[in-house]
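**Student:** Quick one: structure below, then a few questions.
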Protein chains: 6
Amino acid sequence: MTKLIEYEEASAEVRAVYDDIRATRKTDYINNFWKALANHPPTLQRTWQTIKEVMTGPGELDPLVRELIYIAVSVTNGCDYCISSHTAAARAKGMNDAMFGELLAIVGTANMTNRLANGYKIPVDEQFQS
Amino acid sequence: MTKLIEYEEASAEVRAVYDDIRATRKTDYINNFWKALANHPPTLQRTWQTIKEVMTGPGELDPLVRELIYIAVSVTNGCDYCISSHTAAARAKGMNDAMFGELLAIVGTANMTNRLANGYKIPVDEQFQS
Amino acid sequence: MTKLIEYEEASAEVRAVYDDIRATRKTDYINNFWKALANHPPTLQRTWQTIKEVMTGPGELDPLVRELIYIAVSVTNGCDYCISSHTAAARAKGMNDAMFGELLAIVGTANMTNRLANGYKIPVDEQFQS
Amino acid sequence: MTKLIEYEEASAEVRAVYDDIRATRKTDYINNFWKALANHPPTLQRTWQTIKEVMTGPGELDPLVRELIYIAVSVTNGCDYCISSHTAAARAKGMNDAMFGELLAIVGTANMTNRLANGYKIPVDEQFQS
Amino acid sequence: MTKLIEYEEASAEVRAVYDDIRATRKTDYINNFWKALANHPPTLQRTWQTIKEVMTGPGELDPLVRELIYIAVSVTNGCDYCISSHTAAARAKGMNDAMFGELLAIVGTANMTNRLANGYKIPVDEQFQS
Amino acid sequence: MTKLIEYEEASAEVRAVYDDIRATRKTDYINNFWKALANHPPTLQRTWQTIKEVMTGPGELDPLVRELIYIAVSVTNGCDYCISSHTAAARAKGMNDAMFGELLAIVGTANMTNRLANGYKIPVDEQFQS
């Protein structure tokens, strides 16, 4: 298992990212994902910068919709950590049980139809190509 | 390539599904996906019933959000047909270029972080387990 | 695109594999997969040896069932070449339209339930663990 | 973790599905998959209906072959729950150790050749396209 | 298909990225990937910044090894565009036919053993856990 | 869980593979992967033969690079056992923390760009096709 780097033992550059995570998320809690990425500071910095912009930056999709999309990918890939952390994040942003159920129903259905489309080798309709 | 079954040559049970697709979607156009599935009528019926309920039935997620989730899965799986058809559907429901850009940015980011979580074998935080 | 190595221009070691493919399959036709693998002879030899044993060697699963399993994997992965070649092989071994329809229905369903199991993070039942 | 809904606390519509599972499978045991899906009753109903038709309905593929196909998908996707539950189901339907060994050998081989086909970008043979 | 944004019609912020790609790669050619991403400038900027650092920045892995790793992922995912562009990049950095053959042999083998490990549900050895 | 076959209880053909693993790797330790595969001796033999040739046979890629490629695939597929065992193997061959960090950064990035290429349906540049 990867060593989790705590704030106290972290280098200055890692602490700076941790501080920004805390300020952006308005919580003292740093979750294990970041503590693991801190083993490679450039990855920690880049990944946090990307997540921060993509998930909390300005845009047309509201924060809850962004989390739903994130979960859809993580469920499809079977990433246990990502499903757990982003389900928690989505609930904190307002996802209730019914919404989670609908989300998984769509994710499951899309994974099913993806394979039907592959298996039947269906040509893309001309009107979907423009 | 799978034979695409046209309305004129379809059996009564297949025509019934085509009719319901037309009535539900308020269009005469039947896209290739359904014409291919018509080669196995039980799959056509079950899949249409599922898609109809999941994508257009009552629920808390609005129709555009459902399409975004659908695209997220299809992009992750690399299903060309499904990306094409559901991108068209999402645009018809109001997705603009900026929203599509944000969607793909999240999908790409989640696919990246999913692998960072896998590779570092990060244990799920206790507070994400409840 | 990878160069396809024809019999006439092939080295002796590649020809030996081509000859064995022809003898085993009782056909003169060498499909593109082997002509591409011939660019790296050790991979050609190893892969043909594996396929020959796994798909045509003695065993409890009959040849058609083996092809159905092969297609199930290829459809799940979205490998166009493998879906095409093994669908042809399965048809040659007796797969009819109804069987292909049932196969894809199961593959689609399993891909759906795999994601529901992931998304709900369902614990494995004790009785399935023995 | 998802709450598992027991029969005693379930709504009437959930109980109806549980009753049908018991009657169809001739066992009192309801496995965790269904107890988790019961958190979203429409998904429970739809998924059970699909599984019931696809895995136990009339068709040309025998029940054991259907389970082998199901396992092939679940192993390819790395879905732990689905591998566990359907391996148990396949064993109950007659799968022995040799058959399981052959199954995994084919699944492993197909996953390998899928990537060789992808990596070499092999064009589909004309005769596989009809 | 996504519109490809040419330099002449690009905004100032997109041109700045294109200029940096040209300077970094010492070529005037901008490949389609970037022209497509230019439809969403923040994604273009972030992605280029990430690729630039990860693929050409300082580090212990030499540039060719980085390309081989990139191809391994792209082949596993079946991403046609990425296989094509990074195979070209790897060849430009010194990959010969034998190395490409060895690379695909490893990628194929790992995809096979990944499924054998999944299917047999093999517990991680204690000594691999530290 | 699969039974792990120990040397003492193994058949002669399984022992022969175990002996070759020990001789090739210059260690008495047989890891769980092989003990699980021993349940199906032909798969054990074939898989060991393939791994031996691909990972330790003559070739242009050095042993550590081969392990990095192997990990890249395993991380992309989310195969916990394979990530664990090959990360240990790579460390034994000289991979340090910085190299592992760079490896995961590339794997994460490639998984991101694979989806951007899929989502935008980017046509392969003519110059990448030769």
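By convention in this document, the chains of the structure tokens carry letters A, B, ... by their order, each chain's residues are numbered from 1, and ligands are numbered from 1 in the order they are shown.
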Got a sec to pull out which chain C residues are within 7 Å of chain B, counting only C-alpha atoms, and send them as an MDAnalysis selection string?
**Tutor:** chainID C and resid 98 101 105
**Student:** Could you dump the residues just selected with N, CA and C atoms as an mmCIF file, in the first residue's frame?
**Tutor:**
data_model
loop_
_atom_site.group_PDB
_atom_site.id
_atom_site.type_symbol
_atom_site.label_atom_id
_atom_site.label_comp_id
_atom_site.auth_asym_id
_atom_site.auth_seq_id
_atom_site.Cartn_x
_atom_site.Cartn_y
_atom_site.Cartn_z
ATOM 1 N N ALA C 98 -30.853 -16.654 -33.820
ATOM 2 C CA ALA C 98 -31.457 -16.641 -32.486
ATOM 3 C C ALA C 98 -30.379 -16.780 -31.411
ATOM 4 N N GLY C 101 -28.531 -13.555 -31.068
ATOM 5 C CA GLY C 101 -29.370 -12.602 -30.333
ATOM 6 C C GLY C 101 -29.359 -12.880 -28.836
ATOM 7 N N ALA C 105 -27.800 -10.542 -25.846
ATOM 8 C CA ALA C 105 -28.692 -10.152 -24.743
ATOM 9 C C ALA C 105 -28.025 -10.434 -23.399
#
**Student:** In Å, with one decimal, what is the gap from atom CA of Ala10 of chain F to atom CA of Ile51 of chain F?
**Tutor:**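 Between atom CA of Ala10 of chain F and atom CA of Ile51 of chain F the gap works out to 20.7 Å.
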**Student:** Separation of atom CA of Trp48 of chain A and atom CA of Met99 of chain B, in Å?
**Tutor:**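 Between atom CA of Trp48 of chain A and atom CA of Met99 of chain B the gap works out to 21.5 Å.
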**Student:** Which residues are close to Tyr7 of chain A, i.e. within 12 Å by only C-alpha atoms, leaving aside same-chain residues fewer than 4 positions away? Reply as an NGL selection string.
**Tutor:** :A and (11-19 or 21-22 or 28-32 or 34-36 or 38)
**Student:** Residues near Arg115 of chain C, anyone? I mean within 10 Å using only C-alpha atoms, not counting same-chain ones fewer than 5 positions away, as a ChimeraX atom specification.
**Tutor:** /A:72,74-78,104-105,107-112 /C:110,120-121 /D:74,77,79,82
**Student:** Include all heavy atoms and write out the residues we just selected as a compact mmCIF listing (two decimals), in the first residue's frame.
**Tutor:**
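Below is the file that was written, result.txt:
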# COMPACT_ATOMS: atom_id res chain seq x y z
N ALA A 72 -20.58 8.33 -12.87
CA ALA A 72 -20.89 7.48 -14.03
C ALA A 72 -19.62 6.84 -14.59
O ALA A 72 -19.59 5.65 -14.91
CB ALA A 72 -21.60 8.29 -15.11
N SER A 74 -16.71 6.45 -12.96
CA SER A 74 -16.06 5.61 -11.95
C SER A 74 -16.78 4.28 -11.78
O SER A 74 -16.14 3.24 -11.56
CB SER A 74 -16.02 6.37 -10.60
OG SER A 74 -15.35 7.61 -10.76
N VAL A 75 -18.09 4.30 -11.89
CA VAL A 75 -18.86 3.05 -11.81
C VAL A 75 -18.56 2.18 -13.04
O VAL A 75 -18.40 0.96 -12.93
CB VAL A 75 -20.37 3.34 -11.69
CG1 VAL A 75 -21.20 2.10 -11.95
CG2 VAL A 75 -20.68 3.93 -10.32
N THR A 76 -18.47 2.81 -14.19
CA THR A 76 -18.17 2.06 -15.41
C THR A 76 -16.80 1.41 -15.33
O THR A 76 -16.62 0.27 -15.74
CB THR A 76 -18.26 3.01 -16.62
OG1 THR A 76 -19.60 3.50 -16.70
CG2 THR A 76 -17.91 2.31 -17.92
N ASN A 77 -15.84 2.12 -14.75
CA ASN A 77 -14.49 1.57 -14.61
C ASN A 77 -14.33 0.67 -13.40
O ASN A 77 -13.29 0.02 -13.24
CB ASN A 77 -13.47 2.71 -14.50
CG ASN A 77 -13.23 3.41 -15.82
OD1 ASN A 77 -13.32 2.79 -16.88
ND2 ASN A 77 -12.94 4.70 -15.77
N GLY A 78 -15.31 0.67 -12.51
CA GLY A 78 -15.17 -0.16 -11.31
C GLY A 78 -14.12 0.34 -10.34
O GLY A 78 -13.45 -0.44 -9.69
N LEU A 104 -27.63 5.24 -11.41
CA LEU A 104 -27.12 3.89 -11.66
C LEU A 104 -27.93 3.17 -12.73
O LEU A 104 -27.39 2.38 -13.52
CB LEU A 104 -27.08 3.07 -10.37
CG LEU A 104 -26.04 3.53 -9.35
CD1 LEU A 104 -25.96 2.53 -8.20
CD2 LEU A 104 -24.66 3.70 -9.97
N ALA A 105 -29.22 3.45 -12.77
CA ALA A 105 -30.05 2.83 -13.82
C ALA A 105 -29.58 3.27 -15.20
O ALA A 105 -29.50 2.47 -16.14
CB ALA A 105 -31.52 3.20 -13.61
N VAL A 107 -26.51 4.45 -15.94
CA VAL A 107 -25.16 3.91 -16.15
C VAL A 107 -25.22 2.45 -16.57
O VAL A 107 -24.53 2.02 -17.51
CB VAL A 107 -24.32 4.08 -14.86
CG1 VAL A 107 -23.00 3.31 -14.97
CG2 VAL A 107 -24.05 5.55 -14.59
N GLY A 108 -26.06 1.68 -15.90
CA GLY A 108 -26.20 0.27 -16.26
C GLY A 108 -26.76 0.11 -17.66
O GLY A 108 -26.25 -0.68 -18.47
N THR A 109 -27.78 0.89 -17.97
CA THR A 109 -28.41 0.81 -19.30
C THR A 109 -27.42 1.19 -20.40
O THR A 109 -27.35 0.51 -21.44
CB THR A 109 -29.64 1.74 -19.36
OG1 THR A 109 -30.56 1.32 -18.34
CG2 THR A 109 -30.32 1.67 -20.71
N ALA A 110 -26.66 2.24 -20.18
CA ALA A 110 -25.69 2.67 -21.20
C ALA A 110 -24.62 1.59 -21.40
O ALA A 110 -24.20 1.33 -22.53
CB ALA A 110 -25.06 4.00 -20.82
N ASN A 111 -24.19 0.97 -20.31
CA ASN A 111 -23.21 -0.10 -20.46
C ASN A 111 -23.79 -1.29 -21.23
O ASN A 111 -23.07 -1.99 -21.95
CB ASN A 111 -22.68 -0.54 -19.09
CG ASN A 111 -21.48 0.29 -18.66
OD1 ASN A 111 -20.40 0.13 -19.21
ND2 ASN A 111 -21.68 1.18 -17.69
N MET A 112 -25.07 -1.52 -21.07
CA MET A 112 -25.73 -2.59 -21.82
C MET A 112 -25.84 -2.22 -23.30
O MET A 112 -25.43 -2.99 -24.18
CB MET A 112 -27.14 -2.83 -21.26
CG MET A 112 -27.96 -3.85 -22.04
SD MET A 112 -29.56 -4.20 -21.27
CE MET A 112 -30.41 -2.62 -21.50
N ALA C 110 -25.15 -8.60 -18.63
CA ALA C 110 -24.04 -8.75 -17.68
C ALA C 110 -23.27 -7.44 -17.55
O ALA C 110 -22.85 -7.05 -16.46
CB ALA C 110 -23.11 -9.88 -18.13
N TYR C 120 -23.49 0.08 -6.44
CA TYR C 120 -24.08 -0.08 -5.11
C TYR C 120 -23.08 -0.67 -4.13
O TYR C 120 -23.41 -0.83 -2.96
CB TYR C 120 -25.34 -0.96 -5.19
CG TYR C 120 -26.57 -0.21 -5.66
CD1 TYR C 120 -27.22 -0.53 -6.85
CD2 TYR C 120 -27.09 0.83 -4.89
CE1 TYR C 120 -28.35 0.16 -7.27
CE2 TYR C 120 -28.22 1.53 -5.30
CZ TYR C 120 -28.85 1.19 -6.49
OH TYR C 120 -29.96 1.89 -6.90
N LYS C 121 -21.88 -0.99 -4.61
CA LYS C 121 -20.82 -1.53 -3.74
C LYS C 121 -21.37 -2.70 -2.89
O LYS C 121 -21.27 -2.71 -1.67
CB LYS C 121 -20.29 -0.43 -2.82
CG LYS C 121 -19.63 0.72 -3.58
CD LYS C 121 -19.39 1.94 -2.73
CE LYS C 121 -18.44 1.75 -1.60
NZ LYS C 121 -17.05 1.49 -1.99
N SER D 74 -18.08 -10.75 -16.83
CA SER D 74 -17.76 -10.25 -15.49
C SER D 74 -16.28 -10.33 -15.19
O SER D 74 -15.71 -9.46 -14.52
CB SER D 74 -18.56 -11.05 -14.45
OG SER D 74 -19.95 -10.97 -14.72
N ASN D 77 -14.59 -7.50 -17.08
CA ASN D 77 -14.80 -6.22 -16.42
C ASN D 77 -14.22 -6.16 -15.00
O ASN D 77 -14.18 -5.08 -14.40
CB ASN D 77 -16.30 -5.91 -16.32
CG ASN D 77 -16.90 -5.51 -17.64
OD1 ASN D 77 -16.23 -4.91 -18.47
ND2 ASN D 77 -18.16 -5.85 -17.85
N CYS D 79 -15.58 -7.50 -12.25
CA CYS D 79 -16.64 -7.27 -11.27
C CYS D 79 -16.66 -8.43 -10.26
O CYS D 79 -17.18 -9.51 -10.55
CB CYS D 79 -17.99 -7.16 -11.96
SG CYS D 79 -19.35 -6.95 -10.77
N CYS D 82 -20.06 -10.09 -9.27
CA CYS D 82 -20.69 -10.85 -10.36
C CYS D 82 -19.92 -12.14 -10.66
O CYS D 82 -20.53 -13.17 -10.98
CB CYS D 82 -20.77 -9.98 -11.62
SG CYS D 82 -21.58 -8.40 -11.30
**Student:** Pick out each residue of segment 9-116 of chain F that DSSP on the backbone tags as alpha helix (DSSP H); I need them as an MDAnalysis selection string.
**Tutor:** chainID F and resid 12:25 32:37 41:51 63:77 80:92 97:116
**Student:** Residues near segment 53-69 of chain C, anyone? I mean within 8 Å using only C-alpha atoms, not counting same-chain ones fewer than 3 positions away, as an MDAnalysis selection string.
**Tutor:** (chainID C and resid 49:50 72:73 86:87 89:90 93:95 103) or (chainID D and resid 65 68:69 72 98:99 102:103 105:107 109)
**Student:** What gap, in Å, lies between atom CA of Leu116 of chain E and atom CA of Phe33 of chain C?
**Tutor:**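 Computing the Euclidean distance for atom CA of Leu116 of chain E and atom CA of Phe33 of chain C yields 23.3 Å.
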